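> If it helps, the file is called coords-v8.cif and holds mmCIF, C-alpha atoms:
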data_start
loop_
_atom_site.group_PDB
_atom_site.id
_atom_site.type_symbol
_atom_site.label_atom_id
_atom_site.label_comp_id
_atom_site.auth_asym_id
_atom_site.auth_seq_id
_atom_site.Cartn_x
_atom_site.Cartn_y
_atom_site.Cartn_z
ATOM 1 C CA MET E 8 3.983 136.897 30.656
ATOM 2 C CA THR E 9 4.621 136.607 26.986
ATOM 3 C CA THR E 10 6.257 139.212 24.839
ATOM 4 C CA THR E 11 3.336 139.051 22.425
ATOM 5 C CA THR E 12 1.083 140.863 24.879
ATOM 6 C CA MET E 13 3.637 143.607 25.395
ATOM 7 C CA HIS E 14 4.302 146.787 23.536
ATOM 8 C CA PRO E 15 6.873 145.958 20.840
ATOM 9 C CA LEU E 16 9.432 148.420 22.243
ATOM 10 C CA ALA E 17 9.014 146.956 25.705
ATOM 11 C CA ALA E 18 9.450 143.464 24.301
ATOM 12 C CA LYS E 19 12.601 144.551 22.483
ATOM 13 C CA TYR E 20 13.958 146.101 25.661
ATOM 14 C CA LEU E 21 13.250 142.950 27.627
ATOM 15 C CA ARG E 22 15.088 140.836 25.056
ATOM 16 C CA ARG E 23 18.093 143.153 25.355
ATOM 17 C CA LEU E 24 17.943 142.798 29.109
ATOM 18 C CA GLU E 25 17.765 139.012 28.888
ATOM 19 C CA ARG E 26 20.835 139.026 26.692
ATOM 20 C CA GLU E 27 22.797 141.269 29.041
ATOM 21 C CA ALA E 28 21.675 139.241 32.031
ATOM 22 C CA ARG E 29 23.101 135.978 30.690
ATOM 23 C CA ARG E 30 26.303 136.670 32.546
ATOM 24 C CA LEU E 31 24.419 136.557 35.855
ATOM 25 C CA PRO E 32 23.828 133.388 37.862
ATOM 26 C CA ARG E 33 20.595 131.815 36.774
ATOM 27 C CA GLY E 34 18.561 132.633 39.915
ATOM 28 C CA GLU E 35 19.504 136.292 39.899
ATOM 29 C CA ARG E 36 18.969 136.549 36.186
ATOM 30 C CA ARG E 37 15.483 135.126 36.339
ATOM 31 C CA GLU E 38 14.477 137.308 39.241
ATOM 32 C CA LEU E 39 15.794 140.507 37.688
ATOM 33 C CA VAL E 40 14.126 139.813 34.360
ATOM 34 C CA GLU E 41 10.833 139.053 36.123
ATOM 35 C CA GLU E 42 10.982 142.271 38.101
ATOM 36 C CA ILE E 43 11.750 144.382 35.061
ATOM 37 C CA ALA E 44 9.073 142.572 33.049
ATOM 38 C CA ALA E 45 6.570 143.355 35.801
ATOM 39 C CA HIS E 46 7.685 146.985 35.743
ATOM 40 C CA LEU E 47 7.245 147.116 31.985
ATOM 41 C CA SER E 48 3.770 145.665 32.176
ATOM 42 C CA GLU E 49 2.752 148.300 34.727
ATOM 43 C CA ALA E 50 4.435 151.201 33.005
ATOM 44 C CA ILE E 51 3.772 150.540 29.328
ATOM 45 C CA ASP E 52 0.404 149.683 27.803
ATOM 46 C CA PRO E 53 0.577 147.563 24.658
ATOM 47 C CA ASP E 54 -1.131 150.321 22.665
ATOM 48 C CA MET E 55 0.877 153.224 24.049
ATOM 49 C CA LEU E 56 2.483 155.649 21.662
ATOM 50 C CA ASP E 57 6.055 154.760 20.779
ATOM 51 C CA ALA E 58 7.320 158.106 22.042
ATOM 52 C CA ASP E 59 5.707 157.566 25.442
ATOM 53 C CA ALA E 60 7.033 154.032 25.638
ATOM 54 C CA LEU E 61 10.520 155.288 24.856
ATOM 55 C CA THR E 62 10.260 157.853 27.644
ATOM 56 C CA VAL E 63 9.446 155.092 30.103
ATOM 57 C CA LEU E 64 12.355 153.025 28.835
ATOM 58 C CA ASP E 65 14.697 155.998 29.151
ATOM 59 C CA ARG E 66 13.657 156.427 32.769
ATOM 60 C CA LEU E 67 14.223 152.751 33.348
ATOM 61 C CA GLY E 68 17.783 153.047 32.100
ATOM 62 C CA ALA E 69 20.016 150.954 29.888
ATOM 63 C CA PRO E 70 19.869 147.168 30.381
ATOM 64 C CA GLU E 71 23.659 147.062 30.723
ATOM 65 C CA ASP E 72 23.503 149.503 33.642
ATOM 66 C CA ILE E 73 20.821 147.507 35.394
ATOM 67 C CA VAL E 74 22.722 144.246 35.087
ATOM 68 C CA GLN E 75 25.869 146.016 36.179
ATOM 69 C CA ALA E 76 24.048 147.237 39.291
ATOM 70 C CA GLU E 77 23.157 143.647 40.145
ATOM 71 C CA ARG E 78 26.743 142.510 40.258
ATOM 72 C CA PRO E 79 29.155 145.426 40.293
ATOM 73 C CA GLU E 80 32.107 143.545 41.811
ATOM 74 C CA THR E 81 32.367 140.737 39.321
ATOM 75 C CA LEU E 82 31.137 142.323 36.174
ATOM 76 C CA GLU E 83 33.356 145.277 35.564
ATOM 77 C CA PRO E 84 33.790 145.395 31.843
ATOM 78 C CA HIS E 85 37.138 143.992 30.744
ATOM 79 C CA GLY E 86 36.602 144.624 27.110
ATOM 80 C CA LEU E 87 39.316 143.692 24.683
ATOM 81 C CA GLY E 88 42.467 143.637 26.734
ATOM 82 C CA LEU E 89 45.734 141.943 25.951
ATOM 83 C CA GLN E 90 44.528 138.531 27.070
ATOM 84 C CA GLN E 91 41.396 138.763 24.977
ATOM 85 C CA TRP E 92 43.259 139.770 21.813
ATOM 86 C CA ALA E 93 45.850 137.063 22.363
ATOM 87 C CA ALA E 94 43.099 134.478 22.802
ATOM 88 C CA ILE E 95 41.317 135.538 19.620
ATOM 89 C CA LEU E 96 44.486 135.565 17.506
ATOM 90 C CA LEU E 97 45.804 132.281 18.857
ATOM 91 C CA LEU E 98 42.467 130.558 18.335
ATOM 92 C CA ALA E 99 42.495 131.642 14.714
ATOM 93 C CA PHE E 100 46.164 131.286 13.828
ATOM 94 C CA GLY E 101 47.785 129.382 16.691
ATOM 95 C CA GLY E 102 47.083 126.086 15.011
ATOM 96 C CA PHE E 103 49.880 126.798 12.568
ATOM 97 C CA LEU E 104 52.324 126.406 15.427
ATOM 98 C CA PHE E 105 51.808 122.637 15.576
ATOM 99 C CA PHE E 106 48.478 123.341 17.288
ATOM 100 C CA VAL E 107 50.230 124.278 20.522
ATOM 101 C CA GLY E 108 49.351 127.874 19.776
ATOM 102 C CA TRP E 109 45.693 126.950 19.440
ATOM 103 C CA PHE E 110 45.673 125.203 22.806
ATOM 104 C CA ALA E 111 47.269 128.284 24.319
ATOM 105 C CA GLY E 112 44.439 130.292 22.807
ATOM 106 C CA VAL E 113 41.890 127.947 24.358
ATOM 107 C CA LEU E 114 43.538 128.353 27.746
ATOM 108 C CA LEU E 115 43.504 132.136 27.489
ATOM 109 C CA LEU E 116 39.891 132.055 26.316
ATOM 110 C CA TRP E 117 38.612 129.976 29.207
ATOM 111 C CA THR E 118 40.540 131.832 31.903
ATOM 112 C CA SER E 119 39.271 135.178 30.685
ATOM 113 C CA ARG E 120 36.202 136.760 32.280
ATOM 114 C CA ALA E 121 35.282 138.720 29.209
ATOM 115 C CA TRP E 122 33.018 136.007 27.782
ATOM 116 C CA THR E 123 30.179 133.791 28.982
ATOM 117 C CA VAL E 124 30.500 130.007 28.965
ATOM 118 C CA ARG E 125 28.327 129.801 25.889
ATOM 119 C CA GLU E 126 30.499 132.301 24.036
ATOM 120 C CA LYS E 127 33.613 130.394 25.072
ATOM 121 C CA LEU E 128 32.147 127.107 23.814
ATOM 122 C CA ILE E 129 31.468 128.646 20.448
ATOM 123 C CA GLY E 130 34.985 130.055 20.343
ATOM 124 C CA THR E 131 36.435 126.629 21.080
ATOM 125 C CA LEU E 132 34.272 124.423 18.894
ATOM 126 C CA VAL E 133 34.050 126.674 15.863
ATOM 127 C CA VAL E 134 36.533 125.476 14.685
ATOM 128 C CA PRO E 135 38.966 123.423 16.756
ATOM 129 C CA GLY E 136 42.388 124.207 15.438
ATOM 130 C CA GLY E 137 41.306 127.468 13.884
ATOM 131 C CA LEU E 138 42.364 128.267 10.351
ATOM 132 C CA ALA E 139 45.059 125.639 10.478
ATOM 133 C CA THR E 140 42.544 122.811 10.468
ATOM 134 C CA LEU E 141 41.850 123.013 6.746
ATOM 135 C CA PRO E 142 45.469 122.789 5.576
ATOM 136 C CA ALA E 143 46.065 120.036 8.133
ATOM 137 C CA ALA E 144 43.058 118.124 6.906
ATOM 138 C CA LEU E 145 44.205 118.453 3.305
ATOM 139 C CA VAL E 146 47.712 117.270 4.152
ATOM 140 C CA ILE E 147 46.439 114.283 6.100
ATOM 141 C CA THR E 148 43.929 113.152 3.518
ATOM 142 C CA SER E 149 46.188 113.662 0.510
ATOM 143 C CA SER E 150 48.786 111.404 2.101
ATOM 144 C CA THR E 151 46.268 108.597 2.030
ATOM 145 C CA THR E 152 46.065 108.713 -1.707
ATOM 146 C CA VAL E 153 46.762 105.357 -3.166
ATOM 147 C CA CYS E 154 47.510 104.984 -6.768
ATOM 148 C CA SER E 155 47.617 101.829 -8.684
ATOM 149 C CA GLY E 156 47.242 100.769 -12.180
ATOM 150 C CA GLY E 157 49.076 99.708 -15.204
ATOM 151 C CA VAL E 158 50.165 101.090 -18.510
ATOM 152 C CA GLY E 159 48.207 104.069 -19.671
ATOM 153 C CA GLN E 160 45.779 104.031 -16.816
ATOM 154 C CA VAL E 161 46.622 105.268 -13.347
ATOM 155 C CA HIS E 162 43.805 104.994 -10.910
ATOM 156 C CA CYS E 163 44.081 106.846 -7.639
ATOM 157 C CA THR E 164 41.813 106.519 -4.700
ATOM 158 C CA GLY E 165 41.514 108.399 -1.484
ATOM 159 C CA GLY E 166 42.808 111.855 -0.662
ATOM 160 C CA PRO E 167 40.806 114.812 -1.875
ATOM 161 C CA SER E 168 43.373 117.149 -3.251
ATOM 162 C CA THR E 169 40.604 118.524 -5.372
ATOM 163 C CA ILE E 170 37.128 119.590 -4.334
ATOM 164 C CA HIS E 171 34.714 117.597 -6.386
ATOM 165 C CA THR E 172 31.547 117.243 -4.371
ATOM 166 C CA ILE E 173 29.194 119.654 -2.710
ATOM 167 C CA ALA E 174 29.917 118.044 0.649
ATOM 168 C CA ASP E 175 33.619 118.752 0.214
ATOM 169 C CA PHE E 176 32.884 122.345 -0.682
ATOM 170 C CA VAL E 177 30.643 122.834 2.338
ATOM 171 C CA LEU E 178 33.242 121.325 4.615
ATOM 172 C CA VAL E 179 36.015 123.509 3.237
ATOM 173 C CA ALA E 180 33.823 126.594 3.528
ATOM 174 C CA PHE E 181 33.058 125.687 7.111
ATOM 175 C CA LEU E 182 36.695 125.154 7.993
ATOM 176 C CA VAL E 183 37.624 128.527 6.553
ATOM 177 C CA LEU E 184 34.622 130.620 7.526
ATOM 178 C CA GLY E 185 34.168 128.993 10.938
ATOM 179 C CA PRO E 186 37.330 130.367 12.530
ATOM 180 C CA ILE E 187 36.774 133.765 10.913
ATOM 181 C CA PHE E 188 33.241 133.865 12.285
ATOM 182 C CA SER E 189 34.522 132.811 15.714
ATOM 183 C CA ALA E 190 37.141 135.535 15.797
ATOM 184 C CA VAL E 191 34.638 138.222 14.839
ATOM 185 C CA TYR E 192 32.040 136.808 17.249
ATOM 186 C CA LEU E 193 34.438 136.825 20.201
ATOM 187 C CA THR E 194 35.645 140.302 19.335
ATOM 188 C CA LYS E 195 32.131 141.687 19.324
ATOM 189 C CA ARG E 196 31.001 139.836 22.414
ATOM 190 C CA ALA E 197 33.945 140.677 24.661
ATOM 191 C CA ARG E 198 32.807 142.480 27.805
ATOM 192 C CA MET W 19 34.136 172.896 34.348
ATOM 193 C CA VAL W 20 36.172 171.263 37.083
ATOM 194 C CA ALA W 21 33.980 172.422 39.936
ATOM 195 C CA LYS W 22 30.850 171.120 38.278
ATOM 196 C CA GLY W 23 32.525 167.781 37.610
ATOM 197 C CA VAL W 24 33.581 167.391 41.220
ATOM 198 C CA GLY W 25 30.143 168.351 42.451
ATOM 199 C CA GLU W 26 28.480 165.825 40.205
ATOM 200 C CA GLY W 27 30.864 163.041 41.214
ATOM 201 C CA VAL W 28 30.276 163.573 44.897
ATOM 202 C CA ILE W 29 26.547 163.861 44.485
ATOM 203 C CA SER W 30 26.293 160.637 42.540
ATOM 204 C CA GLN W 31 28.302 158.851 45.210
ATOM 205 C CA LEU W 32 26.029 160.298 47.851
ATOM 206 C CA ARG W 33 23.034 159.257 45.844
ATOM 207 C CA ARG W 34 24.261 155.688 45.668
ATOM 208 C CA GLY W 35 25.016 155.555 49.356
ATOM 209 C CA VAL W 36 21.777 157.127 50.460
ATOM 210 C CA LEU W 37 19.334 155.501 48.065
ATOM 211 C CA GLU W 38 18.861 152.335 50.079
ATOM 212 C CA PHE W 39 17.873 154.376 53.126
ATOM 213 C CA CYS W 40 15.401 156.273 51.032
ATOM 214 C CA VAL W 41 13.885 152.902 50.127
ATOM 215 C CA LEU W 42 13.753 151.951 53.798
ATOM 216 C CA ALA W 43 12.145 155.275 54.633
ATOM 217 C CA LEU W 44 9.405 154.594 52.094
ATOM 218 C CA LEU W 45 8.680 151.353 53.887
ATOM 219 C CA ARG W 46 8.604 152.826 57.360
ATOM 220 C CA ASP W 47 4.851 153.178 57.655
ATOM 221 C CA GLU W 48 3.506 150.820 55.013
ATOM 222 C CA GLU W 49 4.467 147.995 52.751
ATOM 223 C CA ARG W 50 4.875 148.830 49.088
ATOM 224 C CA TYR W 51 5.415 146.892 45.908
ATOM 225 C CA GLY W 52 8.423 147.235 43.632
ATOM 226 C CA PHE W 53 6.973 149.430 40.934
ATOM 227 C CA GLU W 54 5.458 151.750 43.517
ATOM 228 C CA ILE W 55 8.809 152.166 45.281
ATOM 229 C CA VAL W 56 10.599 152.822 42.020
ATOM 230 C CA ARG W 57 8.079 155.379 40.808
ATOM 231 C CA THR W 58 7.927 157.249 44.115
ATOM 232 C CA LEU W 59 11.710 157.483 44.273
ATOM 233 C CA SER W 60 11.965 158.704 40.728
ATOM 234 C CA GLU W 61 9.495 161.474 41.472
ATOM 235 C CA ALA W 62 11.890 162.845 44.053
ATOM 236 C CA ASP W 63 14.082 165.343 42.287
ATOM 237 C CA GLY W 64 17.678 164.267 41.861
ATOM 238 C CA LEU W 65 17.430 160.879 43.588
ATOM 239 C CA VAL W 66 17.284 158.307 40.876
ATOM 240 C CA THR W 67 18.940 158.464 37.488
ATOM 241 C CA SER W 68 18.036 155.001 36.238
ATOM 242 C CA GLU W 69 14.868 153.485 37.670
ATOM 243 C CA GLY W 70 15.888 149.991 36.688
ATOM 244 C CA THR W 71 18.873 150.008 39.044
ATOM 245 C CA VAL W 72 16.519 150.176 42.026
ATOM 246 C CA TYR W 73 15.492 146.559 41.420
ATOM 247 C CA PRO W 74 18.963 145.103 42.043
ATOM 248 C CA LEU W 75 19.053 147.282 45.160
ATOM 249 C CA LEU W 76 15.758 145.827 46.396
ATOM 250 C CA SER W 77 17.070 142.360 45.671
ATOM 251 C CA ARG W 78 20.217 143.023 47.685
ATOM 252 C CA LEU W 79 18.237 144.435 50.618
ATOM 253 C CA ARG W 80 16.161 141.286 50.627
ATOM 254 C CA LYS W 81 19.248 139.061 50.591
ATOM 255 C CA GLU W 82 20.735 141.021 53.471
ATOM 256 C CA GLY W 83 17.614 140.537 55.539
ATOM 257 C CA VAL W 84 16.858 144.243 55.688
ATOM 258 C CA VAL W 85 13.500 143.864 53.962
ATOM 259 C CA GLU W 86 11.160 140.966 53.393
ATOM 260 C CA THR W 87 8.660 140.396 50.629
ATOM 261 C CA THR W 88 5.152 139.023 50.379
ATOM 262 C CA TRP W 89 3.286 138.205 47.205
ATOM 263 C CA ARG W 90 -0.195 139.658 46.997
ATOM 264 C CA GLU W 91 -2.859 139.410 44.367
ATOM 265 C CA SER W 92 -3.203 142.498 42.248
ATOM 266 C CA PRO W 93 -6.529 143.829 40.971
ATOM 267 C CA THR W 94 -5.041 144.736 37.632
ATOM 268 C CA GLY W 95 -2.744 141.913 36.669
ATOM 269 C CA PRO W 96 -0.228 139.338 37.889
ATOM 270 C CA PRO W 97 0.577 139.065 41.638
ATOM 271 C CA ARG W 98 2.766 141.791 43.061
ATOM 272 C CA ARG W 99 5.705 141.496 45.372
ATOM 273 C CA TYR W 100 5.258 143.742 48.411
ATOM 274 C CA TYR W 101 8.251 144.855 50.462
ATOM 275 C CA HIS W 102 8.266 145.533 54.178
ATOM 276 C CA LEU W 103 10.953 146.303 56.773
ATOM 277 C CA THR W 104 12.410 143.673 59.058
ATOM 278 C CA PRO W 105 13.433 144.643 62.603
ATOM 279 C CA THR W 106 16.987 144.899 61.291
ATOM 280 C CA GLY W 107 15.811 147.236 58.553
ATOM 281 C CA ARG W 108 13.958 149.356 61.045
ATOM 282 C CA SER W 109 16.950 149.849 63.288
ATOM 283 C CA LEU W 110 19.197 150.533 60.307
ATOM 284 C CA LEU W 111 16.793 153.217 59.180
ATOM 285 C CA SER W 112 16.627 154.984 62.518
ATOM 286 C CA ALA W 113 20.401 154.841 62.952
ATOM 287 C CA PHE W 114 20.858 156.332 59.507
ATOM 288 C CA SER W 115 18.230 158.999 60.170
ATOM 289 C CA ALA W 116 20.057 160.225 63.233
ATOM 290 C CA GLU W 117 23.417 160.291 61.452
ATOM 291 C CA TRP W 118 21.967 161.997 58.429
ATOM 292 C CA VAL W 119 20.446 164.805 60.451
ATOM 293 C CA ARG W 120 23.747 165.416 62.201
ATOM 294 C CA PHE W 121 25.689 165.321 58.959
ATOM 295 C CA THR W 122 23.423 167.553 56.918
ATOM 296 C CA THR W 123 22.970 170.053 59.706
ATOM 297 C CA SER W 124 26.723 170.594 59.845
ATOM 298 C CA VAL W 125 27.159 170.753 56.086
ATOM 299 C CA ASP W 126 24.175 173.052 55.573
ATOM 300 C CA ASN W 127 25.456 175.322 58.274
ATOM 301 C CA LEU W 128 28.881 175.623 56.656
ATOM 302 C CA LEU W 129 27.468 176.059 53.170
ATOM 303 C CA GLU W 130 25.085 178.754 54.207
ATOM 304 C CA THR W 131 27.221 180.789 56.453
ATOM 305 C CA GLY W 132 30.814 180.017 55.563
ATOM 306 C CA ALA W 133 31.516 179.388 59.236
ATOM 307 C CA LEU W 134 30.310 177.233 62.091
ATOM 308 C CA ARG W 135 27.515 178.984 63.963
#
For this file, produce the structure as structure tokens.


Amino acid sequence: MTTTTMHPLAAKYLRRLEREARRLPRGERRELVEEIAAHLSEAIDPDMLDADALTVLDRLGAPEDIVQAERPETLEPHGLGLQQWAAILLLAFGGFLFFVGWFAGVLLLWTSRAWTVREKLIGTLVVPGGLATLPAALVITSSTTVCSGGVGQVHCTGGPSTIHTIADFVLVAFLVLGPIFSAVYLTKRAR
Amino acid sequence: MVAKGVGEGVISQLRRGVLEFCVLALLRDEERYGFEIVRTLSEADGLVTSEGTVYPLLSRLRKEGVVETTWRESPTGPPRRYYHLTPTGRSLLSAFSAEWVRFTTSVDNLLETGALR
């Protein structure tokens, strides 16, 4: 079934369900989504009034509750506990502690059950080293500056201590915004 | 109100415990498909708060071997999954039935009369 043949509210509901169900093992997820999709196709006509569709969806219940019912033992919400906060902060700022802090953040992230694998990958790869990566990169590249030249003319190569191309600017923006995005993303997605 | 809160807590626990046997009871005399089971249950007053949570229950019953499913063509759309009781399911249902009658008879008696008659 495609969402284009469904009532828009039903399609929206199903997308929410699919998102919530990502934390389930693939087989269970697929089966649950199929069952609910079948229910939606029986209960909601594509040209039903929005109010009636919403009534059906209310009776069906919240997607989070349905997914929770599938796996109550393993999916109790953890939310943002101590481990989750520590992971988020260390991933962002831990790099300043000779990167050891960042690795500690990675460890806390991956041993926590508050995030899916996909969310954890994003938290790790965007950006490795967190906010400390940019200063580190600047320090490393500026130390490769080589200057030579004679009287009146000093010519330096290497080491971007100034941003003078678009590519540099994009990279810097990424290294700064990436970790901030990651921290916000993990905070919002913690379950 | 405290009393109301306690009552609601107990009832929702009861509901959870008893719901699967209500599903089995629906399958006692005929096979039914998922949507049919869900809708019938939700028509019963006070049984189901969120229809969607019946589907994980059906899935669990299937995994436990209490019910089995068969796909059948539907006149109005995609194939439907029909549920029926296994022998295990049938004996579970009759065991529960007997217990339930005993249990509710005693409780009803006490609630109605304030004593054991």

> Taking 2 positions as the minimum chain separation for residues in the same chain, which residues sit within 10 Å of W:Leu42 when counting all atoms listed in the file? Answer as a list of chain:residue names.

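My reading of the contact set: W:Leu37, W:Glu38, W:Phe39, W:Cys40, W:Leu44, W:Leu45, W:Arg46, W:Asp47, W:Ile55, W:Leu76, W:Leu79, W:Val84, W:Val85, W:Tyr101, W:His102, W:Leu103, W:Thr104, W:Gly107, W:Arg108, W:Leu110, W:Leu111, W:Ser112.
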
> Take the PyMOL selection byres ((chain E) within 9 of (chain W)), apply it to the structure above, and return the hits as a PDB file with C-alpha atoms, keeping the file's coordinate frame.


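out_9.pdb, written as the output of this step:
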ATOM      1  CA  MET E   8       3.983 136.897  30.656  1.00  0.00           C
ATOM      2  CA  GLU E  35      19.504 136.292  39.899  1.00  0.00           C
ATOM      3  CA  GLU E  38      14.477 137.308  39.241  1.00  0.00           C
ATOM      4  CA  LEU E  39      15.794 140.507  37.688  1.00  0.00           C
ATOM      5  CA  GLU E  42      10.982 142.271  38.101  1.00  0.00           C
ATOM      6  CA  ILE E  43      11.750 144.382  35.061  1.00  0.00           C
ATOM      7  CA  ALA E  45       6.570 143.355  35.801  1.00  0.00           C
ATOM      8  CA  HIS E  46       7.685 146.985  35.743  1.00  0.00           C
ATOM      9  CA  SER E  48       3.770 145.665  32.176  1.00  0.00           C
ATOM     10  CA  GLU E  49       2.752 148.300  34.727  1.00  0.00           C
ATOM     11  CA  ALA E  50       4.435 151.201  33.005  1.00  0.00           C
ATOM     12  CA  ASP E  65      14.697 155.998  29.151  1.00  0.00           C
ATOM     13  CA  ARG E  66      13.657 156.427  32.769  1.00  0.00           C
ATOM     14  CA  LEU E  67      14.223 152.751  33.348  1.00  0.00           C
ATOM     15  CA  GLY E  68      17.783 153.047  32.100  1.00  0.00           C
ATOM     16  CA  ALA E  69      20.016 150.954  29.888  1.00  0.00           C
ATOM     17  CA  PRO E  70      19.869 147.168  30.381  1.00  0.00           C
ATOM     18  CA  ASP E  72      23.503 149.503  33.642  1.00  0.00           C
ATOM     19  CA  ILE E  73      20.821 147.507  35.394  1.00  0.00           C
ATOM     20  CA  VAL E  74      22.722 144.246  35.087  1.00  0.00           C
ATOM     21  CA  GLN E  75      25.869 146.016  36.179  1.00  0.00           C
ATOM     22  CA  ALA E  76      24.048 147.237  39.291  1.00  0.00           C
ATOM     23  CA  GLU E  77      23.157 143.647  40.145  1.00  0.00           C
ATOM     24  CA  ARG E  78      26.743 142.510  40.258  1.00  0.00           C
TER      25      ARG E  78
END

> In terms of the shortest atom-to-atom distance over only C-alpha atoms, which of W:Val125, W:Val41, W:Leu134, W:Ala113 is closest to W:Leu65?

W:Val41

> Just give me the gap between atom CA of E:Pro186 and atom CA of E:Ala111 in Å, one decimal is fine.

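One can read the atom CA of E:Pro186 to atom CA of E:Ala111 distance as 15.6 Å.
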
> Just so the selection is clear, what residues does the PyMOL selection byres ((chain E and resi 106) around 12) cover here, as a PyMOL selection string?

chain E and resi 97-105+107-113+135-140+143

> Would you mind reading off the distance between atom CA of W:Glu91 and atom CA of W:Ala62, one decimal, in Å?

27.7 Å

> Could you list, as a PyMOL selection string, every residue within 12 Å of E:Leu16, counting all atoms listed in the file and ignoring same-chain residues fewer than 6 positions away?

chain E and resi 10+22-23+47-48+51-65

> In Å, how far is it from atom CA of W:Glu130 to atom CA of W:Val36?

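Between these atoms lies a distance of 22.2 Å.
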
> Which of these, W:Arg50, W:Arg90, W:Arg80, W:Arg120, has the shortest distance to W:Thr106 once you count all atoms listed in the file?

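For W:Thr106, the nearest of the given residues is W:Arg80.
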
> Atoms are missing here; could stretch 111-128 of chain E be completed with N, CA and C atoms and written as an mmCIF file, in the coordinates of the input?


data_model
loop_
_atom_site.group_PDB
_atom_site.id
_atom_site.type_symbol
_atom_site.label_atom_id
_atom_site.label_comp_id
_atom_site.auth_asym_id
_atom_site.auth_seq_id
_atom_site.Cartn_x
_atom_site.Cartn_y
_atom_site.Cartn_z
ATOM 1 N N ALA E 111 47.006 127.109 23.484
ATOM 2 C CA ALA E 111 47.269 128.284 24.319
ATOM 3 C C ALA E 111 46.113 129.265 24.213
ATOM 4 N N GLY E 112 45.584 129.404 23.006
ATOM 5 C CA GLY E 112 44.439 130.292 22.807
ATOM 6 C C GLY E 112 43.232 129.824 23.605
ATOM 7 N N VAL E 113 43.013 128.515 23.597
ATOM 8 C CA VAL E 113 41.890 127.947 24.358
ATOM 9 C C VAL E 113 42.048 128.250 25.842
ATOM 10 N N LEU E 114 43.276 128.083 26.339
ATOM 11 C CA LEU E 114 43.538 128.353 27.746
ATOM 12 C C LEU E 114 43.236 129.813 28.085
ATOM 13 N N LEU E 115 43.743 130.711 27.256
ATOM 14 C CA LEU E 115 43.504 132.136 27.489
ATOM 15 C C LEU E 115 42.021 132.464 27.407
ATOM 16 N N LEU E 116 41.322 131.804 26.481
ATOM 17 C CA LEU E 116 39.891 132.055 26.316
ATOM 18 C C LEU E 116 39.131 131.689 27.585
ATOM 19 N N TRP E 117 39.402 130.474 28.090
ATOM 20 C CA TRP E 117 38.612 129.976 29.207
ATOM 21 C C TRP E 117 38.988 130.621 30.530
ATOM 22 N N THR E 118 40.184 131.157 30.656
ATOM 23 C CA THR E 118 40.540 131.832 31.903
ATOM 24 C C THR E 118 40.168 133.312 31.881
ATOM 25 N N SER E 119 39.651 133.769 30.753
ATOM 26 C CA SER E 119 39.271 135.178 30.685
ATOM 27 C C SER E 119 37.843 135.360 31.188
ATOM 28 N N ARG E 120 37.570 136.524 31.804
ATOM 29 C CA ARG E 120 36.202 136.760 32.280
ATOM 30 C C ARG E 120 35.401 137.621 31.311
ATOM 31 N N ALA E 121 35.962 137.813 30.140
ATOM 32 C CA ALA E 121 35.282 138.720 29.209
ATOM 33 C C ALA E 121 34.154 138.049 28.451
ATOM 34 N N TRP E 122 34.047 136.725 28.540
ATOM 35 C CA TRP E 122 33.018 136.007 27.782
ATOM 36 C C TRP E 122 32.227 135.061 28.670
ATOM 37 N N THR E 123 30.978 134.783 28.268
ATOM 38 C CA THR E 123 30.179 133.791 28.982
ATOM 39 C C THR E 123 30.609 132.389 28.545
ATOM 40 N N VAL E 124 30.142 131.394 29.289
ATOM 41 C CA VAL E 124 30.500 130.007 28.965
ATOM 42 C C VAL E 124 30.056 129.660 27.555
ATOM 43 N N ARG E 125 28.846 130.119 27.225
ATOM 44 C CA ARG E 125 28.327 129.801 25.889
ATOM 45 C C ARG E 125 29.221 130.397 24.791
ATOM 46 N N GLU E 126 29.636 131.643 25.030
ATOM 47 C CA GLU E 126 30.499 132.301 24.036
ATOM 48 C C GLU E 126 31.833 131.570 23.934
ATOM 49 N N LYS E 127 32.335 131.106 25.084
ATOM 50 C CA LYS E 127 33.613 130.394 25.072
ATOM 51 C C LYS E 127 33.493 129.064 24.334
ATOM 52 N N LEU E 128 32.338 128.370 24.516
ATOM 53 C CA LEU E 128 32.147 127.107 23.814
ATOM 54 C C LEU E 128 32.161 127.313 22.301
#
